[in-house]
$ cat work.tsv   # TSV, C-alpha atoms
chain	number	residue	atom	x	y	z
A	1	MET	CA	-23.51	-37.85	-94.72
A	2	GLY	CA	-25.64	-35.00	-96.05
A	3	HIS	CA	-28.62	-37.27	-96.65
A	4	THR	CA	-28.26	-38.76	-93.17
A	5	ARG	CA	-28.23	-35.34	-91.51
A	6	LEU	CA	-31.24	-34.28	-93.52
A	7	LEU	CA	-33.10	-37.42	-92.48
A	8	LEU	CA	-32.28	-36.90	-88.81
A	9	TYR	CA	-33.38	-33.28	-89.05
A	10	ARG	CA	-36.72	-34.27	-90.56
A	11	LEU	CA	-37.27	-36.95	-87.86
A	12	ASP	CA	-36.53	-34.37	-85.15
A	13	VAL	CA	-39.09	-32.01	-86.68
A	14	ILE	CA	-41.68	-34.78	-86.81
A	15	TYR	CA	-41.12	-35.75	-83.14
A	16	ARG	CA	-41.43	-32.12	-82.04
A	17	TYR	CA	-44.65	-31.79	-84.02
A	18	ILE	CA	-46.04	-34.90	-82.27
A	19	ASP	CA	-45.12	-33.49	-78.81
A	20	VAL	CA	-46.78	-30.17	-79.61
A	21	ALA	CA	-49.87	-31.98	-80.90
A	22	LYS	CA	-50.13	-33.92	-77.63
A	23	GLU	CA	-49.92	-30.72	-75.59
A	24	VAL	CA	-52.59	-29.07	-77.73
A	25	HIS	CA	-54.84	-32.13	-77.35
A	26	VAL	CA	-54.52	-32.06	-73.55
A	27	ALA	CA	-55.21	-28.34	-73.40
A	28	THR	CA	-58.23	-28.47	-75.71
A	29	SER	CA	-59.63	-31.52	-73.91
A	30	SER	CA	-59.47	-29.58	-70.66
A	31	ILE	CA	-61.20	-26.59	-72.23
A	32	ARG	CA	-63.92	-28.78	-73.75
A	33	ASN	CA	-64.37	-30.61	-70.43
A	34	ASP	CA	-63.94	-33.95	-72.18
A	35	PRO	CA	-64.68	-36.94	-69.92
A	36	PRO	CA	-61.57	-38.29	-68.18
A	37	ASN	CA	-59.77	-41.16	-69.80
A	38	PRO	CA	-60.24	-44.34	-67.69
A	39	ARG	CA	-56.64	-45.24	-68.37
A	40	ASP	CA	-55.53	-42.02	-66.67
A	41	LYS	CA	-57.57	-42.96	-63.59
A	42	ASP	CA	-56.02	-46.42	-63.49
A	43	GLN	CA	-52.58	-44.86	-63.60
A	44	ARG	CA	-53.46	-42.55	-60.70
A	45	ASP	CA	-54.90	-45.42	-58.68
A	46	ASN	CA	-51.69	-47.38	-59.18
A	47	ASP	CA	-49.53	-44.45	-58.09
A	48	PRO	CA	-48.40	-45.26	-54.52
A	49	HIS	CA	-48.01	-41.56	-53.67
A	50	ASP	CA	-51.61	-40.82	-54.70
A	51	LYS	CA	-52.84	-43.84	-52.74
A	52	LEU	CA	-51.06	-42.76	-49.56
A	53	ALA	CA	-52.27	-39.18	-50.00
A	54	ALA	CA	-55.87	-40.40	-50.35
A	55	ARG	CA	-55.56	-42.56	-47.22
A	56	ILE	CA	-54.02	-39.79	-45.14
A	57	ALA	CA	-56.79	-37.44	-46.26
A	58	ILE	CA	-59.59	-39.86	-45.31
A	59	VAL	CA	-58.09	-40.47	-41.85
A	60	GLU	CA	-57.76	-36.74	-41.21
A	61	GLU	CA	-61.34	-36.22	-42.37
A	62	HIS	CA	-62.45	-39.07	-40.09
A	63	VAL	CA	-60.87	-37.48	-37.00
A	64	ARG	CA	-62.21	-34.04	-37.92
A	65	LEU	CA	-65.75	-35.42	-38.14
A	66	GLU	CA	-65.28	-37.23	-34.82
A	67	ASN	CA	-64.35	-33.91	-33.21
A	68	GLU	CA	-67.44	-32.33	-34.79
A	69	HIS	CA	-69.57	-35.22	-33.41
A	70	ASP	CA	-70.92	-35.79	-36.92
A	71	LEU	CA	-72.05	-39.42	-36.69
A	72	GLU	CA	-73.24	-39.73	-40.28
A	73	GLY	CA	-70.07	-38.05	-41.53
A	74	VAL	CA	-67.89	-40.44	-39.55
A	75	LEU	CA	-69.77	-43.44	-40.92
A	76	GLY	CA	-69.32	-42.00	-44.40
A	77	THR	CA	-65.54	-42.34	-44.15
A	78	PHE	CA	-65.92	-46.13	-44.02
A	79	GLY	CA	-66.23	-48.21	-47.17
A	80	ASP	CA	-68.71	-51.00	-47.83
A	81	THR	CA	-66.93	-53.20	-45.32
A	82	ALA	CA	-66.71	-51.56	-41.91
A	83	ARG	CA	-65.28	-52.86	-38.67
A	84	TYR	CA	-64.39	-51.33	-35.31
A	85	ASP	CA	-62.25	-53.13	-32.71
A	86	ASP	CA	-62.12	-51.85	-29.13
A	87	GLU	CA	-59.29	-54.11	-28.04
A	88	PRO	CA	-59.02	-53.19	-24.32
A	89	TRP	CA	-62.57	-54.50	-23.83
A	90	GLY	CA	-62.32	-57.27	-26.39
A	91	GLU	CA	-65.30	-55.89	-28.29
A	92	HIS	CA	-65.63	-56.05	-32.07
A	93	PHE	CA	-68.27	-54.25	-34.13
A	94	ASN	CA	-68.89	-55.54	-37.65
A	95	GLY	CA	-70.65	-53.76	-40.49
A	96	ARG	CA	-71.97	-50.23	-40.61
A	97	ASP	CA	-74.68	-50.99	-38.04
A	98	GLY	CA	-72.07	-52.29	-35.61
A	99	VAL	CA	-69.82	-49.28	-36.11
A	100	ARG	CA	-72.83	-46.99	-35.67
A	101	GLN	CA	-73.61	-48.69	-32.36
A	102	PHE	CA	-70.07	-48.06	-31.09
A	103	TYR	CA	-70.10	-44.38	-32.03
A	104	GLU	CA	-73.59	-43.75	-30.68
A	105	GLN	CA	-72.51	-45.05	-27.27
A	106	LEU	CA	-69.28	-43.05	-27.35
A	107	MET	CA	-70.84	-39.76	-28.43
A	108	LYS	CA	-73.60	-40.02	-25.82
A	109	ALA	CA	-71.12	-40.83	-23.07
A	110	LEU	CA	-68.65	-38.08	-24.06
A	111	PRO	CA	-70.66	-35.38	-25.86
A	112	ASP	CA	-67.68	-33.01	-25.70
A	113	LEU	CA	-65.21	-35.59	-27.05
A	114	GLN	CA	-62.07	-34.11	-28.54
A	115	ILE	CA	-59.24	-36.00	-30.23
A	116	GLU	CA	-55.80	-34.41	-30.58
A	117	ILE	CA	-53.45	-36.07	-33.04
A	118	GLN	CA	-49.93	-36.17	-31.66
A	119	ARG	CA	-48.11	-38.47	-34.06
A	120	ARG	CA	-48.88	-40.18	-37.33
A	121	HIS	CA	-47.15	-43.25	-38.77
A	122	VAL	CA	-47.84	-44.27	-42.38
A	123	THR	CA	-47.13	-47.73	-43.80
A	124	ASP	CA	-48.07	-49.45	-47.04
A	125	ASP	CA	-50.91	-51.32	-45.32
A	126	ALA	CA	-52.14	-49.03	-42.55
A	127	ILE	CA	-51.97	-45.63	-40.88
A	128	ILE	CA	-51.32	-45.46	-37.15
A	129	LEU	CA	-52.26	-42.45	-35.04
A	130	GLU	CA	-51.10	-41.61	-31.54
A	131	VAL	CA	-53.76	-39.33	-30.07
A	132	MET	CA	-54.91	-37.78	-26.82
A	133	ILE	CA	-58.58	-38.32	-25.93
A	134	ARG	CA	-60.37	-35.74	-23.80
A	135	GLY	CA	-63.98	-35.50	-22.69
A	136	THR	CA	-66.52	-35.43	-19.87
A	137	GLN	CA	-68.67	-38.43	-19.05
A	138	LEU	CA	-72.12	-36.90	-19.19
A	139	GLY	CA	-73.90	-40.06	-20.35
A	140	ALA	CA	-74.03	-43.72	-19.39
A	141	TRP	CA	-71.07	-45.83	-20.51
A	142	ARG	CA	-70.70	-49.58	-20.14
A	143	GLY	CA	-73.30	-49.70	-17.39
A	144	LEU	CA	-71.76	-46.79	-15.49
A	145	PRO	CA	-74.11	-43.83	-14.97
A	146	ALA	CA	-72.90	-40.35	-15.87
A	147	THR	CA	-70.23	-39.27	-13.38
A	148	GLY	CA	-69.53	-35.79	-14.71
A	149	ARG	CA	-65.83	-36.60	-14.48
A	150	ARG	CA	-63.20	-35.64	-17.05
A	151	VAL	CA	-61.12	-38.21	-18.86
A	152	GLU	CA	-57.83	-37.60	-20.59
A	153	LEU	CA	-55.81	-40.50	-21.90
A	154	PRO	CA	-53.43	-41.50	-24.69
A	155	LEU	CA	-54.78	-43.84	-27.35
A	156	CYS	CA	-53.34	-45.61	-30.37
A	157	GLY	CA	-55.56	-46.14	-33.43
A	158	ILE	CA	-54.78	-48.37	-36.41
A	159	TYR	CA	-56.64	-47.67	-39.66
A	160	THR	CA	-56.87	-50.12	-42.56
A	161	PHE	CA	-58.32	-49.48	-46.01
A	162	ASP	CA	-60.33	-51.07	-48.78
A	163	ALA	CA	-59.54	-51.08	-52.50
A	164	ASN	CA	-61.08	-47.60	-52.87
A	165	ASN	CA	-58.91	-46.18	-50.06
A	166	ARG	CA	-61.90	-45.80	-47.74
A	167	LEU	CA	-61.68	-47.03	-44.15
A	168	ALA	CA	-62.10	-50.78	-43.88
A	169	GLY	CA	-61.49	-50.86	-40.14
A	170	GLU	CA	-60.31	-49.01	-37.06
A	171	LYS	CA	-58.66	-50.74	-34.13
A	172	ILE	CA	-57.88	-48.90	-30.88
A	173	TYR	CA	-55.61	-49.64	-27.93
A	174	TYR	CA	-55.57	-47.77	-24.61
A	175	ASP	CA	-55.26	-48.43	-20.88
A	176	ARG	CA	-58.78	-49.04	-19.64
A	177	GLY	CA	-57.51	-48.91	-16.03
A	178	THR	CA	-56.67	-45.24	-16.61
A	179	VAL	CA	-60.20	-44.58	-17.86
A	180	LEU	CA	-61.83	-46.34	-14.89
A	181	ARG	CA	-59.56	-44.58	-12.40
A	182	GLN	CA	-60.41	-41.17	-13.85
A	183	LEU	CA	-64.11	-42.06	-13.70
A	184	GLY	CA	-63.73	-42.93	-10.00
A	185	VAL	CA	-64.50	-46.66	-10.19
A	186	PHE	CA	-60.96	-48.01	-9.95
A	187	HIS	CA	-58.32	-47.33	-7.31
A	188	GLU	CA	-54.69	-48.41	-7.17
A	189	PRO	CA	-54.16	-51.27	-4.66
A	190	PRO	CA	-51.68	-49.29	-2.46
A	191	SER	CA	-54.22	-46.50	-1.88
A	192	VAL	CA	-56.65	-46.52	1.07
A	193	LEU	CA	-59.66	-46.94	-1.20
A	194	GLY	CA	-57.79	-49.61	-3.09
A	195	GLN	CA	-57.14	-51.56	0.10
A	196	ILE	CA	-60.79	-51.29	1.08
A	197	GLY	CA	-61.83	-52.45	-2.37
A	198	ILE	CA	-59.54	-55.47	-2.19
A	199	LEU	CA	-60.87	-56.39	1.26
A	200	VAL	CA	-64.48	-56.18	0.07
A	201	THR	CA	-64.04	-57.97	-3.24
A	202	HIS	CA	-61.42	-60.56	-2.19
A	203	PRO	CA	-62.04	-61.34	1.54
A	204	ILE	CA	-60.96	-64.99	1.31
A	205	THR	CA	-57.71	-64.13	-0.49
A	206	ILE	CA	-56.92	-61.46	2.11
A	207	ALA	CA	-57.74	-63.85	4.99
A	208	ARG	CA	-55.42	-66.49	3.58
A	209	ALA	CA	-52.62	-63.97	3.09
A	210	LEU	CA	-53.07	-62.72	6.67
A	211	GLY	CA	-53.02	-66.30	7.98
A	212	ARG	CA	-49.76	-67.06	6.19
A	213	LYS	CA	-48.27	-63.88	7.58
A	214	LEU	CA	-49.27	-64.78	11.17
A	215	GLN	CA	-47.77	-68.23	10.72
A	216	GLY	CA	-44.54	-66.69	9.54
A	217	LYS	CA	-44.70	-68.23	6.10
$ encode --input "work.tsv" --output "structure tokens"
Amino acid sequence: MGHTRLLLYRLDVIYRYIDVAKEVHVATSSIRNDPPNPRDKDQRDNDPHDKLAARIAIVEEHVRLENEHDLEGVLGTFGDTARYDDEPWGEHFNGRDGVRQFYEQLMKALPDLQIEIQRRHVTDDAIILEVMIRGTQLGAWRGLPATGRRVELPLCGIYTFDANNRLAGEKIYYDRGTVLRQLGVFHEPPSVLGQIGILVTHPITIARALGRKLQGK
């Protein structure tokens, strides 16, 4: 028994010495500014918490740069593959040049654009933001000259990522009828202007409906 205890004691001393040596190595490596071990980076990249933190950070930086109207900064948050989908209009912009085109139009149309994040939803594959968009149309937009009108509407944005946790794509959903109504080019059918618009744009449909009404159908 005595020999066994002595052996265990010596093993315990050896293990403690190894632990201390590891701590000293880490500390001295930091002091010497040794280059990082690639294996450490691989471990960080495989850490799901680090990955999510990196993705949340790039989305927040993206929105901040949008609010600062920093076009080059916004483009810099995208990786090598970039895509922007404006779903309400069925428009899709591929590559950095395509994404640049979308943002150039947007920033010229709404030079005071502001985006307020209201909710954030994080999944393993994407980050979803619920935001409020505010701005004044001081530039042409989709063939509509500057109206000087304010827009304020809720929008949902879905962000996906590449292998380096940069933005691979952004897809947005919103009610384009709300935008057009606030810009003064769309009116609800029950309103007076809406009724006039229907009569002008759909005279045959209105005539048929009136005929059926007179016939009691």
$ residues_around --input "work.tsv" --residues "region 98-106 of chain A" --least-positions-apart "3" --cutoff "9 Å" --atoms "only C-alpha atoms" --output "list in words"
Leu71, Glu72, Val74, Leu75, Ala82, Arg83, Tyr84, His92, Phe93, Asn94, Gly95, Ala109, Leu110, Pro111, Leu113, Gly139, Ala140, Trp141 and Arg142 of chain A
$ residues_around --input "work.tsv" --residues "region 115-127 of chain A" --least-positions-apart "4" --cutoff "12 Å" --atoms "all atoms listed in the file" --output "ChimeraX atom specification"
/A:48-49,51-60,62-69,110,131-135,151-163,165-171
$ atom_distance --input "work.tsv" --atom1 "CA of Val185 (chain A)" --atom2 "CA of Thr147 (chain A)"
9.9 Å
$ atom_distance --input "work.tsv" --atom1 "CA of Gln114 (chain A)" --atom2 "CA of Thr81 (chain A)"
25.9 Å
$ closest_residue --input "work.tsv" --among "A:Asp97, A:Thr178, A:Asp85, A:Met107" --to "Asp70 (chain A)" --atoms "all atoms listed in the file"
A:Met107
$ closest_residue --input "work.tsv" --among "A:Leu138, A:Phe78, A:Arg149, A:Gly90" --to "Leu180 (chain A)" --atoms "all atoms listed in the file"
A:Arg149
$ atom_distance --input "work.tsv" --atom1 "CA of Gln182 (chain A)" --atom2 "CA of Gln137 (chain A)"
10.1 Å
$ closest_residue --input "work.tsv" --among "A:Glu130, A:Leu144, A:Tyr173, A:Thr136" --to "Glu91 (chain A)" --atoms "only C-alpha atoms"
A:Tyr173
$ closest_residue --input "work.tsv" --among "A:Gly143, A:Asp175, A:Arg96, A:Gly148" --to "Asp112 (chain A)" --atoms "all atoms listed in the file"
A:Gly148
